[in-house]
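Asker: Structure in structure tokens, see below.
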Amino acid sequence: MQRLFPALVLGAVILTLCSVPADAFNGKRSGFLLGGGLGGGYTHIKQTVTLYSETVSTSDKFGVATEFRIGGGIGEQFQLYYVNRVNWISAGATYTATVGLVGASYYLKAQSPSWYLTGLVGASSWDAPFEDRRAYTGFGVGAGVGWEFARHYSLETTANWGDPSKDSSIDMEFIAVTLTLNAIAY
């Protein structure tokens, strides 16, 4: 407890000194934002297994697509945020093809309705979240276009590429295409 108390005090001081108005949920794209989306997705999986010889297998799966983002708007047309896009697919078990980390959106108009461009760069993963299996992780990128048809609501389509596994025997990559209905509080 003696070691924990100074850390708690220091954390409280830092939070107090760094707290500024977030301009949250004021109806403007600038300031804090929190959002998510739900829709459908298509995932193309390519897996190369090299044990005694090289075996390449591919499969195409449709499933549910989800998205989560949290971050902030810099002005009325640019947003920077943490984003996590997941395609949930069934292939004997429930698998997730995930791409996310740093995302950005640029709106073509300062007010809705407006088209916008979106992109992300960061990490990817391939996982069976409800099974006791190894999750593979690696590099990932994504890009897309959206239509904010009313303030806070948009339709968005994205293409995401992940390279979650490069070990000695398995090389896996995927392309995940999503179409989601998003709600973003700002």
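Chains: A, B, ... in order of the structure tokens. Residues: from 1 per chain. Ligands: from 1, in order shown.
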Counting only C-alpha atoms, what is within 9 Å of stretch 60-74 of chain A, bar same-chain residues fewer than 6 positions away, as an NGL selection string?
Answerer: :A and (22 or 24 or 28-45 or 80-91 or 103 or 177-180 or 182 or 184 or 186)
Asker: For each of A:Ala93, A:Val102, A:Ala183, A:Ala110, take the minimum atom-to-atom distance to A:Ser124, counting only C-alpha atoms, then give the residue where this is smallest.
Answerer: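 Nearest to A:Ser124: A:Val102.
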Asker: Of the candidates A:Arg134, A:Lys109, A:Leu181, A:Phe174, which one gets nearest to A:Ser59 if we count only C-alpha atoms?
Answerer: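 Closest candidate: A:Phe174.
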Asker: List every residue of chain A that DSSP, applied to the backbone of this structure, places in alpha helix (DSSP H), and write the result as number ranges by chain.
Answerer: A: 4-18
Asker: For the residues in the current selection, export C-alpha atoms as a PDB file, in the first residue's frame.
Answerer:
```pdb
ATOM      1  CA  LEU A   4       0.586   2.469  -4.366  1.00  0.00           C
ATOM      2  CA  PHE A   5      -0.337   5.696  -2.536  1.00  0.00           C
ATOM      3  CA  PRO A   6       2.308   7.953  -4.213  1.00  0.00           C
ATOM      4  CA  ALA A   7       1.323   6.577  -7.635  1.00  0.00           C
ATOM      5  CA  LEU A   8      -2.350   7.337  -6.958  1.00  0.00           C
ATOM      6  CA  VAL A   9      -1.543  10.858  -5.782  1.00  0.00           C
ATOM      7  CA  LEU A  10       0.673  11.495  -8.817  1.00  0.00           C
ATOM      8  CA  GLY A  11      -2.044  10.167 -11.134  1.00  0.00           C
ATOM      9  CA  ALA A  12      -4.670  12.410  -9.523  1.00  0.00           C
ATOM     10  CA  VAL A  13      -2.406  15.466  -9.857  1.00  0.00           C
ATOM     11  CA  ILE A  14      -1.681  14.728 -13.527  1.00  0.00           C
ATOM     12  CA  LEU A  15      -5.369  14.209 -14.302  1.00  0.00           C
ATOM     13  CA  THR A  16      -6.276  17.455 -12.543  1.00  0.00           C
ATOM     14  CA  LEU A  17      -3.605  19.477 -14.339  1.00  0.00           C
ATOM     15  CA  CYS A  18      -4.356  17.994 -17.752  1.00  0.00           C
TER      16      CYS A  18
END
```
Asker: Between A:Gly146, A:Gly162, A:Gly27, A:Gly92, which residue has the minimum interatomic distance to A:Phe130, considering only C-alpha atoms?
Answerer: A:Gly92
Asker: Let me make sure I understand: among A:Tyr153, A:Tyr52, A:Tyr95, A:Phe78, which one has the smallest atom-to-atom distance to A:Ala135 if we use only C-alpha atoms?
Answerer: A:Tyr95
